[in-house]
Amino acid sequence: MKKIMNQPENIIDEMLKGIAKANKDVIYCEGKGVIARREKSDKVGIISGGGSGHEPAHAGYVGKGMLDAAVCGNVFSSPDPERILEGIRQADSGKGVLMIIKNYSGDYMNFTMALDIAELEDRKANYVIVKDDVAVEDSTFSTGRRGIAGTVFVHKIAGAKAQAGASLTEVKETAEKAVQYIRSMGVALSSCIIPAVGKPGFVLNENEMEIGMGIHGEPGVGKSELKTSTEIAEILVSRILEDFEKSTSMEEAEVALMINGLGATPLMELYVLNNDVQEYLENKKIKVYKTFVGNYMTALEMSGCSVTLLKLDDELKECLDAPCNAPNFKV
Amino acid sequence: MKKIMNQPENIIDEMLKGIAKANKDVIYCEGKGVIARREKSDKVGIISGGGSGHEPAHAGYVGKGMLDAAVCGNVFSSPDPERILEGIRQADSGKGVLMIIKNYSGDYMNFTMALDIAELEDRKANYVIVKDDVAVEDSTFSTGRRGIAGTVFVHKIAGAKAQAGASLTEVKETAEKAVQYIRSMGVALSSCIIPAVGKPGFVLNENEMEIGMGIHGEPGVGKSELKTSTEIAEILVSRILEDFEKSTSMEEAEVALMINGLGATPLMELYVLNNDVQEYLENKKIKVYKTFVGNYMTALEMSGCSVTLLKLDDELKECLDAPCNAPNFKV
Amino acid sequence: MNLTSKDYVEYIKMISKRYEGCGDYITSLDAATGDGDHWTNINSGFLKLVEIADELEALSISDMMKKIGMTLMSAVGGSSGVLYGSAYLAAAKAAKESETITIDVLKDIYQAMLDAIMQRGNVQPNQKTMIDAIYPAVQALKISIADGFDEKEILVKMKDAALEGAQATKQMEAFRGRACYQADKGVGHLDPGAVTMSYQIETFVQYILTK
Amino acid sequence: MNLTSKDYVEYIKMISKRYEGCGDYITSLDAATGDGDHWTNINSGFLKLVEIADELEALSISDMMKKIGMTLMSAVGGSSGVLYGSAYLAAAKAAKESETITIDVLKDIYQAMLDAIMQRGNVQPNQKTMIDAIYPAVQALKISIADGFDEKEILVKMKDAALEGAQATKQMEAFRGRACYQADKGVGHLDPGAVTMSYQIETFVQYILTK
Ligand SMILES: Nc1ncnc2c1ncn2[C@@H]1O[C@H](COP(=O)(O)OP(=O)(O)O)[C@@H](O)[C@H]1O
Ligand SMILES: Nc1ncnc2c1ncn2[C@@H]1O[C@H](COP(=O)(O)OP(=O)(O)O)[C@@H](O)[C@H]1O
Ligand SMILES: [Mg+2]
Ligand SMILES: [Mg+2]
Ligand SMILES: [Mg+2]
Ligand SMILES: [Mg+2]
């Protein structure tokens, strides 16, 4: 575990200071793990957050047209309700706040606890839960699917809707629609080390990959020998499309595509994969409206990637295209 | 060497296809390694390029306000003159083309050879050579300093100047000024593997770092034990400032700062370093006008970082702030 | 039994000591099925309580429980922070009128804690969580009070139920939390949260019995 | 000697064969002081020439040299592509009027190649580059022609000078190319470009002498 850092226990605080020093449009609420927009605006507030280690998620998405605040916990650890409450306060202009939660029970519990307290302060707040990872079976009984890179699209959609002046109910409705229309899946070529654990969550041989892992070093649904980019594209996209088809037709669909790097994978490889994914989609007569290639939702120094599709309609397109000033999602 | 790819010999071609598929504003000139803007504009053309493996450099900087074309060779291998000539042709609207060359003798020879041929075609072209790496002694006798991450600032400055309608001579002059005002230096925590070589250019123990290495896996000026972020900030910035002082005063200077990741280093660490670098600069009473944190000039899967300072005057500030539409440098 | 705030704080110190001594073991449990931070979370939370022991001692039972809840919630983070936080906040409500902790107050407090965790976590027993230690303990407590056992017997039955419950998680499949993403749903591994919860209850009983 | 284009193409085939056989060795030289691709570069370039052998054979000496230069420049890439490209383009100019390659034409061709590389690379002898093989070879060629040696002796002297020159790079410090970024400037290692250049010259001489 080799890192550019000082005392490990200060890494999140120092990171957040570094973020605020890099971006004059945000402030860092020290001791609260919150990065918030400096400019307050008269609209529904949008916040997101969760454990750290996924940078640029979530602080890199704070900016006009996207998030009003990001609440950051320790590495892969949900922030506590007090921090989230601070995020809600920062984002609330009186029109209410929408919280975008990734579907982990730790996040769910902390965010909803904060919501309970916020309501005691007479604040309006509500939430959507992103569960885009099709590697895991969906379920209403257990926690079900994880939220992974697709969350970034929900930030963008909700942010644009709020910026356009929609009410909390409307913003939530559109964000919910986006959640319904997003599917992701990933493969890892190497794991990552959570400082507290000190050893990787799974170990891969030189010619192995892990299919369908999460973004916290937890193992996936299975190992396989390392496949070519063309094969990886097929494994991921076919599974995603299959899952879409259970609830919505993908015939002649238009989509936004995200090829997301998990942290240590060179952009070169992400572009090679993009080439294969787009060819696969073209063969399936699915039209790619917009493509995003880069490190959007990472897992420390994990190498590998995920593919996300967001099925678009006119409203979602408009939200996706709306101007955005967040450092890591400029439109 | 684990990579998301198909046949290794096709990786550059497939990457460039993937880039063109991700960005509808550019075209890929197949067989020529050139990514060029689709929209041609009546201004001085700006091109850059070199070996691949530095993504998003250089194709990610093709866009309105920055490069008109990027010429891409094989991994860490200069593109040949024919490819560069294609880049010149793509960028030339009749007002001439400025080539931004990183100071490697391979690049220098291929770009100037292309320039000789371009002149036979009655095209006006000229070049600047970026040599920002203060780890290596400067020299008029040998090749001297390498060009590294600071090159991205030169792209931006020259691109803005050209966009503003300046002549080839004027664009070159401003770009030269930027080159004079840029210094960089880096450390690596792990090396990278050039596919053709199959083994890393240097090997580091678990508690070692390499100071002042280049961006091709070549070793640096020395190894040391792994230092803290605060110490790394001091090592790099003090050396950069010392070097500035040889030719220009840094008292009360204003600078643009780039904290560049080499490919596999999590953003978290880059922000921690940013925090330390900015504190160091504050103590030295140097004002940071703008900060860029991210993977701008990488070396495959190398982990580590570089720090770049660009000393600013009014003209350079204006150029830095000018709108820019390149996917990896949106302003 | 008849505990004051001062007594409860003594117990907090005792459990914190115990946690300090079992770091590697608990960490290894969470590393096997989760993200490995459960011990760091819970240990840092109780260390924080020990730091503010003087302040806690001076409070009423209810206010002390509330302060413990708020402290754990913000100091611990993750899943267990909010769950313990919710539990102690609920305990504060249940103990609103109580000047000391008698066996009946204890029953109300534990019941409130159990309900709060089940509600916040949206879990049932047998889903491989900390509930599987506290749920059987509360059942044992209620039944043996109703059956008229003496206090010592009641407490021992409660403690045994908690320890057995924690051991039983080994065979369970996880439905919540990180373990449910494992291919085997964590079967074959103890749930770290259930183990630390059983320590809470065991140490509490030991404290009273050796007092 | 009196070589036609066909002869020269036979020599190209011979040197390409030789390169094919020494991949590991040349790669290890460039891996030690550079980026390890020199053999891939040069080998792929000459394979390309062998592929278009029929086309080359049919050209005049000058046109053949030009075609070789253009082909190497675009097929090889890196430093050696543009250097060999420049060299052969210069050779094409020098051989403009020549129908065959005599010893005097050879002298002009090699001199032109040497000048082109030195100019394009901005290098002098003793700077640890391919120049250090071709420069002494051209010197030997010129002197031994002037001294009136017979052709065989001239060729052998030229070849020996090239081989010795390549060996001498081991002690030199690099001023250009990647080796100059090494802390020791590459001292103690042969320059890969000088070695492959010496093979060019040696094989050329062998071809003529065994023809
Ligand atoms: N939804 C839930 N309801 C009840 N307990 C839960 C729930 N989710 C997790 N837990 C408990 O929390 C423990 C893990 O706590 P901890 O490691 O501190 O948090 P995290 O899982 O966020 O890293 C699990 O062992 C389990 O007992
Ligand atoms: N400026 C130069 N002038 C002459 N020869 C050079 C120069 N730079 C490099 N070389 C030669 O090129 C060889 C390396 O070629 P190659 O590995 O194909 O290119 P690259 O260095 O671009 O990877 C060196 O060994 C050296 O002989
Ligand atoms: Mg955790
Ligand atoms: Mg090379
Ligand atoms: Mg945990
Ligand atoms: Mg080389």
# chains A, B, ... in the order shown; residues from 1 in each chain; ligands from 1
$ select_by_dssp --residues "segment 23-192 of chain C" --states "alpha helix (DSSP H)" --output "NGL selection string"
:C and (23-33 or 38-51 or 53-57 or 61-76 or 78-94 or 103-121 or 131-146 or 151-168 or 192)
$ residues_near_ligand --ligand "ligand 1" --cutoff "6 Å" --atoms "only C-alpha atoms and all ligand atoms" --output "list of chain:residue names"
A:Ser77, A:Ser105, A:Gly106, C:Asp35, C:Asp37, C:His38, C:Asn41, C:Gly78, C:Ser79, C:Ser80, C:Gly121, C:Asn122, C:Val123, C:Thr129, C:Met130, C:Arg176, C:Gly177, C:Arg178, C:Asp191, C:Pro192, C:Gly193, C:Ala194
$ interface_residues --of "chain B" --to "chain D" --cutoff "9 Å" --atoms "only C-alpha atoms" --output "number ranges by chain"
B: 51, 73-74, 76-83, 104-110, 112-113, 136, 141-146, 194, 196-197, 199, 201, 213-214, 216-222
$ calpha_fit_and_write --fixed "chain C" --moving "chain D" --output "mmCIF file with C-alpha atoms, in the first residue's frame"
data_model
loop_
_atom_site.group_PDB
_atom_site.id
_atom_site.type_symbol
_atom_site.label_atom_id
_atom_site.label_comp_id
_atom_site.auth_asym_id
_atom_site.auth_seq_id
_atom_site.Cartn_x
_atom_site.Cartn_y
_atom_site.Cartn_z
ATOM 1 C CA MET D 1 -30.361 -4.177 40.204
ATOM 2 C CA ASN D 2 -30.589 -0.480 40.299
ATOM 3 C CA LEU D 3 -28.041 1.325 38.143
ATOM 4 C CA THR D 4 -27.194 5.004 38.147
ATOM 5 C CA SER D 5 -25.641 6.924 35.241
ATOM 6 C CA LYS D 6 -22.305 6.513 36.988
ATOM 7 C CA ASP D 7 -22.758 2.743 36.963
ATOM 8 C CA TYR D 8 -23.649 2.744 33.317
ATOM 9 C CA VAL D 9 -20.553 4.786 32.512
ATOM 10 C CA GLU D 10 -18.440 2.248 34.424
ATOM 11 C CA TYR D 11 -19.925 -0.417 32.178
ATOM 12 C CA ILE D 12 -19.075 1.705 29.117
ATOM 13 C CA LYS D 13 -15.463 1.843 30.286
ATOM 14 C CA MET D 14 -15.434 -1.913 30.758
ATOM 15 C CA ILE D 15 -16.791 -2.701 27.302
ATOM 16 C CA SER D 16 -14.420 -0.191 25.717
ATOM 17 C CA LYS D 17 -11.489 -1.998 27.379
ATOM 18 C CA ARG D 18 -12.778 -5.240 26.034
ATOM 19 C CA TYR D 19 -13.055 -3.882 22.509
ATOM 20 C CA GLU D 20 -9.548 -2.532 22.706
ATOM 21 C CA GLY D 21 -8.309 -6.067 23.239
ATOM 22 C CA CYS D 22 -10.012 -7.798 20.341
ATOM 23 C CA GLY D 23 -9.123 -5.671 17.326
ATOM 24 C CA ASP D 24 -7.545 -8.309 15.135
ATOM 25 C CA TYR D 25 -10.336 -10.776 15.697
ATOM 26 C CA ILE D 26 -13.226 -8.434 14.933
ATOM 27 C CA THR D 27 -11.397 -6.861 12.019
ATOM 28 C CA SER D 28 -10.842 -10.297 10.515
ATOM 29 C CA LEU D 29 -14.552 -11.050 10.807
ATOM 30 C CA ASP D 30 -15.527 -7.893 8.923
ATOM 31 C CA ALA D 31 -12.722 -8.367 6.412
ATOM 32 C CA ALA D 32 -14.138 -11.795 5.585
ATOM 33 C CA THR D 33 -17.646 -10.649 4.718
ATOM 34 C CA GLY D 34 -17.555 -6.866 4.689
ATOM 35 C CA ASP D 35 -15.076 -4.045 4.426
ATOM 36 C CA GLY D 36 -13.020 -4.706 7.520
ATOM 37 C CA ASP D 37 -13.746 -1.525 9.428
ATOM 38 C CA HIS D 38 -16.261 -2.705 11.978
ATOM 39 C CA TRP D 39 -13.779 -2.892 14.820
ATOM 40 C CA THR D 40 -12.252 0.504 14.039
ATOM 41 C CA ASN D 41 -15.751 1.955 13.922
ATOM 42 C CA ILE D 42 -17.016 0.516 17.165
ATOM 43 C CA ASN D 43 -13.760 0.853 19.072
ATOM 44 C CA SER D 44 -13.340 4.503 18.191
ATOM 45 C CA GLY D 45 -16.947 5.137 19.178
ATOM 46 C CA PHE D 46 -16.553 3.720 22.652
ATOM 47 C CA LEU D 47 -13.173 5.384 23.166
ATOM 48 C CA LYS D 48 -14.976 8.631 22.430
ATOM 49 C CA LEU D 49 -17.558 7.780 25.117
ATOM 50 C CA VAL D 50 -14.795 7.075 27.623
ATOM 51 C CA GLU D 51 -13.297 10.461 26.815
ATOM 52 C CA ILE D 52 -16.535 12.194 27.783
ATOM 53 C CA ALA D 53 -17.195 9.891 30.746
ATOM 54 C CA ASP D 54 -17.293 12.745 33.291
ATOM 55 C CA GLU D 55 -19.875 14.592 31.300
ATOM 56 C CA LEU D 56 -21.999 11.461 30.850
ATOM 57 C CA GLU D 57 -21.944 10.578 34.554
ATOM 58 C CA ALA D 58 -23.478 13.888 35.447
ATOM 59 C CA LEU D 59 -26.551 13.391 33.270
ATOM 60 C CA SER D 60 -29.880 11.719 33.950
ATOM 61 C CA ILE D 61 -30.305 8.221 32.566
ATOM 62 C CA SER D 62 -32.313 9.509 29.616
ATOM 63 C CA ASP D 63 -30.013 12.417 28.817
ATOM 64 C CA MET D 64 -27.000 10.155 29.134
ATOM 65 C CA MET D 65 -28.534 7.686 26.659
ATOM 66 C CA LYS D 66 -29.249 10.528 24.262
ATOM 67 C CA LYS D 67 -25.719 11.857 24.530
ATOM 68 C CA ILE D 68 -24.311 8.366 23.961
ATOM 69 C CA GLY D 69 -26.515 7.976 20.908
ATOM 70 C CA MET D 70 -25.518 11.309 19.404
ATOM 71 C CA THR D 71 -21.853 10.642 20.122
ATOM 72 C CA LEU D 72 -21.816 7.178 18.609
ATOM 73 C CA MET D 73 -23.736 8.325 15.576
ATOM 74 C CA SER D 74 -21.234 11.003 14.707
ATOM 75 C CA ALA D 75 -18.048 9.317 15.912
ATOM 76 C CA VAL D 76 -18.584 5.897 14.397
ATOM 77 C CA GLY D 77 -20.027 6.359 10.929
ATOM 78 C CA GLY D 78 -20.797 3.442 8.628
ATOM 79 C CA SER D 79 -23.688 1.115 9.380
ATOM 80 C CA SER D 80 -23.039 0.463 13.025
ATOM 81 C CA GLY D 81 -22.797 4.150 13.929
ATOM 82 C CA VAL D 82 -26.270 4.995 12.816
ATOM 83 C CA LEU D 83 -27.679 1.731 14.201
ATOM 84 C CA TYR D 84 -26.161 2.193 17.678
ATOM 85 C CA GLY D 85 -27.082 5.859 17.480
ATOM 86 C CA SER D 86 -30.701 5.064 16.709
ATOM 87 C CA ALA D 87 -30.729 2.431 19.437
ATOM 88 C CA TYR D 88 -29.491 4.772 22.166
ATOM 89 C CA LEU D 89 -31.784 7.592 21.070
ATOM 90 C CA ALA D 90 -34.693 5.166 21.363
ATOM 91 C CA ALA D 91 -33.386 4.064 24.754
ATOM 92 C CA ALA D 92 -33.351 7.699 25.846
ATOM 93 C CA LYS D 93 -37.035 7.956 25.010
ATOM 94 C CA ALA D 94 -37.851 4.716 26.790
ATOM 95 C CA ALA D 95 -36.008 5.857 29.935
ATOM 96 C CA LYS D 96 -37.539 9.341 29.944
ATOM 97 C CA GLU D 97 -39.186 8.850 33.356
ATOM 98 C CA SER D 98 -36.578 6.569 34.934
ATOM 99 C CA GLU D 99 -34.188 7.772 37.603
ATOM 100 C CA THR D 100 -32.264 4.513 37.658
ATOM 101 C CA ILE D 101 -32.096 1.357 35.601
ATOM 102 C CA THR D 102 -34.053 -1.450 37.207
ATOM 103 C CA ILE D 103 -34.641 -4.784 35.556
ATOM 104 C CA ASP D 104 -37.942 -3.517 34.154
ATOM 105 C CA VAL D 105 -36.374 -0.352 32.858
ATOM 106 C CA LEU D 106 -33.686 -2.510 31.282
ATOM 107 C CA LYS D 107 -36.358 -4.514 29.503
ATOM 108 C CA ASP D 108 -37.913 -1.333 28.098
ATOM 109 C CA ILE D 109 -34.540 0.027 27.068
ATOM 110 C CA TYR D 110 -33.459 -3.127 25.277
ATOM 111 C CA GLN D 111 -36.849 -3.510 23.629
ATOM 112 C CA ALA D 112 -36.644 0.067 22.395
ATOM 113 C CA MET D 113 -33.111 -0.486 21.112
ATOM 114 C CA LEU D 114 -34.137 -3.646 19.300
ATOM 115 C CA ASP D 115 -37.115 -1.974 17.661
ATOM 116 C CA ALA D 116 -35.047 1.015 16.611
ATOM 117 C CA ILE D 117 -32.370 -1.112 14.972
ATOM 118 C CA MET D 118 -34.901 -3.308 13.199
ATOM 119 C CA GLN D 119 -36.699 -0.280 11.905
ATOM 120 C CA ARG D 120 -33.672 1.738 10.872
ATOM 121 C CA GLY D 121 -31.961 -1.280 9.350
ATOM 122 C CA ASN D 122 -35.139 -2.669 7.863
ATOM 123 C CA VAL D 123 -34.137 -6.132 9.096
ATOM 124 C CA GLN D 124 -35.724 -9.146 10.648
ATOM 125 C CA PRO D 125 -34.094 -11.776 12.824
ATOM 126 C CA ASN D 126 -32.153 -14.473 10.937
ATOM 127 C CA GLN D 127 -30.762 -12.039 8.380
ATOM 128 C CA LYS D 128 -27.218 -12.174 9.747
ATOM 129 C CA THR D 129 -26.964 -8.852 11.535
ATOM 130 C CA MET D 130 -26.457 -7.507 15.034
ATOM 131 C CA ILE D 131 -30.194 -8.106 15.504
ATOM 132 C CA ASP D 132 -29.421 -11.791 15.846
ATOM 133 C CA ALA D 133 -27.634 -11.092 19.127
ATOM 134 C CA ILE D 134 -30.002 -8.564 20.679
ATOM 135 C CA TYR D 135 -33.278 -10.109 19.516
ATOM 136 C CA PRO D 136 -32.884 -13.444 21.347
ATOM 137 C CA ALA D 137 -31.477 -11.581 24.350
ATOM 138 C CA VAL D 138 -34.584 -9.423 24.597
ATOM 139 C CA GLN D 139 -36.807 -12.490 24.157
ATOM 140 C CA ALA D 140 -34.968 -14.280 26.966
ATOM 141 C CA LEU D 141 -35.176 -11.199 29.151
ATOM 142 C CA LYS D 142 -38.923 -10.825 28.677
ATOM 143 C CA ILE D 143 -39.741 -14.501 29.121
ATOM 144 C CA SER D 144 -37.624 -15.024 32.183
ATOM 145 C CA ILE D 145 -39.039 -11.904 33.847
ATOM 146 C CA ALA D 146 -42.540 -13.184 33.088
ATOM 147 C CA ASP D 147 -41.583 -16.619 34.392
ATOM 148 C CA GLY D 148 -40.476 -15.034 37.666
ATOM 149 C CA PHE D 149 -36.790 -15.997 37.682
ATOM 150 C CA ASP D 150 -34.532 -14.116 39.997
ATOM 151 C CA GLU D 151 -32.481 -11.247 38.608
ATOM 152 C CA LYS D 152 -29.214 -13.118 38.364
ATOM 153 C CA GLU D 153 -30.865 -15.962 36.466
ATOM 154 C CA ILE D 154 -32.624 -13.519 34.171
ATOM 155 C CA LEU D 155 -29.364 -11.775 33.351
ATOM 156 C CA VAL D 156 -27.476 -15.001 32.709
ATOM 157 C CA LYS D 157 -30.244 -16.287 30.420
ATOM 158 C CA MET D 158 -30.185 -13.001 28.532
ATOM 159 C CA LYS D 159 -26.414 -13.118 28.127
ATOM 160 C CA ASP D 160 -26.432 -16.766 26.982
ATOM 161 C CA ALA D 161 -29.112 -16.006 24.433
ATOM 162 C CA ALA D 162 -27.042 -13.141 23.021
ATOM 163 C CA LEU D 163 -23.904 -15.270 22.738
ATOM 164 C CA GLU D 164 -25.747 -18.169 21.153
ATOM 165 C CA GLY D 165 -27.510 -15.812 18.794
ATOM 166 C CA ALA D 166 -24.212 -14.349 17.646
ATOM 167 C CA GLN D 167 -22.799 -17.839 17.044
ATOM 168 C CA ALA D 168 -25.890 -18.756 15.054
ATOM 169 C CA THR D 169 -25.148 -16.064 12.475
ATOM 170 C CA LYS D 170 -22.409 -18.322 11.128
ATOM 171 C CA GLN D 171 -24.944 -20.411 9.232
ATOM 172 C CA MET D 172 -27.144 -17.530 8.145
ATOM 173 C CA GLU D 173 -27.362 -15.856 4.749
ATOM 174 C CA ALA D 174 -27.038 -12.084 4.705
ATOM 175 C CA PHE D 175 -29.858 -9.943 3.322
ATOM 176 C CA ARG D 176 -28.552 -6.540 4.307
ATOM 177 C CA GLY D 177 -25.167 -4.930 4.545
ATOM 178 C CA ARG D 178 -22.065 -5.740 2.589
ATOM 179 C CA ALA D 179 -22.096 -9.485 3.230
ATOM 180 C CA CYS D 180 -25.077 -9.920 0.913
ATOM 181 C CA TYR D 181 -22.849 -9.104 -2.094
ATOM 182 C CA GLN D 182 -20.707 -12.134 -1.425
ATOM 183 C CA ALA D 183 -21.401 -15.072 -3.696
ATOM 184 C CA ASP D 184 -22.115 -17.266 -0.639
ATOM 185 C CA LYS D 185 -23.966 -14.495 1.227
ATOM 186 C CA GLY D 186 -21.426 -14.858 4.000
ATOM 187 C CA VAL D 187 -22.490 -18.368 5.019
ATOM 188 C CA GLY D 188 -19.783 -19.955 7.161
ATOM 189 C CA HIS D 189 -18.668 -16.658 8.704
ATOM 190 C CA LEU D 190 -19.828 -14.980 11.901
ATOM 191 C CA ASP D 191 -21.445 -11.558 11.526
ATOM 192 C CA PRO D 192 -19.103 -9.026 13.137
ATOM 193 C CA GLY D 193 -21.934 -6.755 14.284
ATOM 194 C CA ALA D 194 -23.685 -9.657 16.004
ATOM 195 C CA VAL D 195 -20.471 -10.607 17.788
ATOM 196 C CA THR D 196 -19.813 -7.095 19.097
ATOM 197 C CA MET D 197 -23.453 -6.764 20.111
ATOM 198 C CA SER D 198 -23.199 -10.003 22.077
ATOM 199 C CA TYR D 199 -20.093 -8.595 23.820
ATOM 200 C CA GLN D 200 -22.116 -5.528 24.802
ATOM 201 C CA ILE D 201 -24.721 -7.664 26.471
ATOM 202 C CA GLU D 202 -22.285 -10.133 28.013
ATOM 203 C CA THR D 203 -20.116 -7.381 29.465
ATOM 204 C CA PHE D 204 -23.151 -5.582 30.804
ATOM 205 C CA VAL D 205 -24.214 -8.710 32.644
ATOM 206 C CA GLN D 206 -20.683 -9.345 33.899
ATOM 207 C CA TYR D 207 -20.516 -5.787 35.171
ATOM 208 C CA ILE D 208 -23.694 -6.161 37.201
ATOM 209 C CA LEU D 209 -22.839 -9.618 38.528
ATOM 210 C CA THR D 210 -19.335 -8.652 39.680
ATOM 211 C CA LYS D 211 -20.331 -5.232 41.004
#
$ interface_residues --of "chain A" --to "chain B" --cutoff "6 Å" --atoms "only C-alpha atoms" --output "PyMOL selection string"
chain A and resi 4-6+14-15+18-19+22+55+228-229+263-264+266-269+271-272+274-275+291+300-301
$ residues_around --residues "Val62 of chain A" --least-positions-apart "4" --cutoff "7 Å" --atoms "only C-alpha atoms" --output "tab-separated table (two decimals) with N, CA, C and O atoms, in the first residue's frame"
chain	number	residue	atom	x	y	z
A	36	ALA	N	-19.52	22.13	-0.53
A	36	ALA	CA	-20.76	22.75	-0.98
A	36	ALA	C	-20.48	23.92	-1.90
A	36	ALA	O	-19.41	24.53	-1.83
A	37	ARG	N	-21.44	24.21	-2.76
A	37	ARG	CA	-21.30	25.37	-3.65
A	37	ARG	C	-21.25	26.64	-2.83
A	37	ARG	O	-21.99	26.80	-1.86
A	66	MET	N	-25.47	20.68	-11.26
A	66	MET	CA	-25.31	19.29	-10.78
A	66	MET	C	-25.56	19.28	-9.27
A	66	MET	O	-26.67	19.62	-8.84
A	67	LEU	N	-24.59	18.95	-8.46
A	67	LEU	CA	-24.85	18.88	-7.02
A	67	LEU	C	-24.64	20.24	-6.32
A	67	LEU	O	-23.78	21.02	-6.72
A	68	ASP	N	-25.40	20.46	-5.26
A	68	ASP	CA	-25.16	21.62	-4.42
A	68	ASP	C	-24.21	21.28	-3.28
A	68	ASP	O	-23.55	22.16	-2.74
A	69	ALA	N	-24.18	20.02	-2.90
A	69	ALA	CA	-23.25	19.62	-1.85
A	69	ALA	C	-22.95	18.13	-1.97
A	69	ALA	O	-23.77	17.35	-2.44
A	70	ALA	N	-21.74	17.76	-1.58
A	70	ALA	CA	-21.35	16.36	-1.50
A	70	ALA	C	-20.95	16.08	-0.06
A	70	ALA	O	-20.22	16.88	0.54
A	326	ALA	N	-19.76	21.69	-12.97
A	326	ALA	CA	-19.01	20.88	-12.01
A	326	ALA	C	-17.66	20.52	-12.62
A	326	ALA	O	-17.59	20.17	-13.80
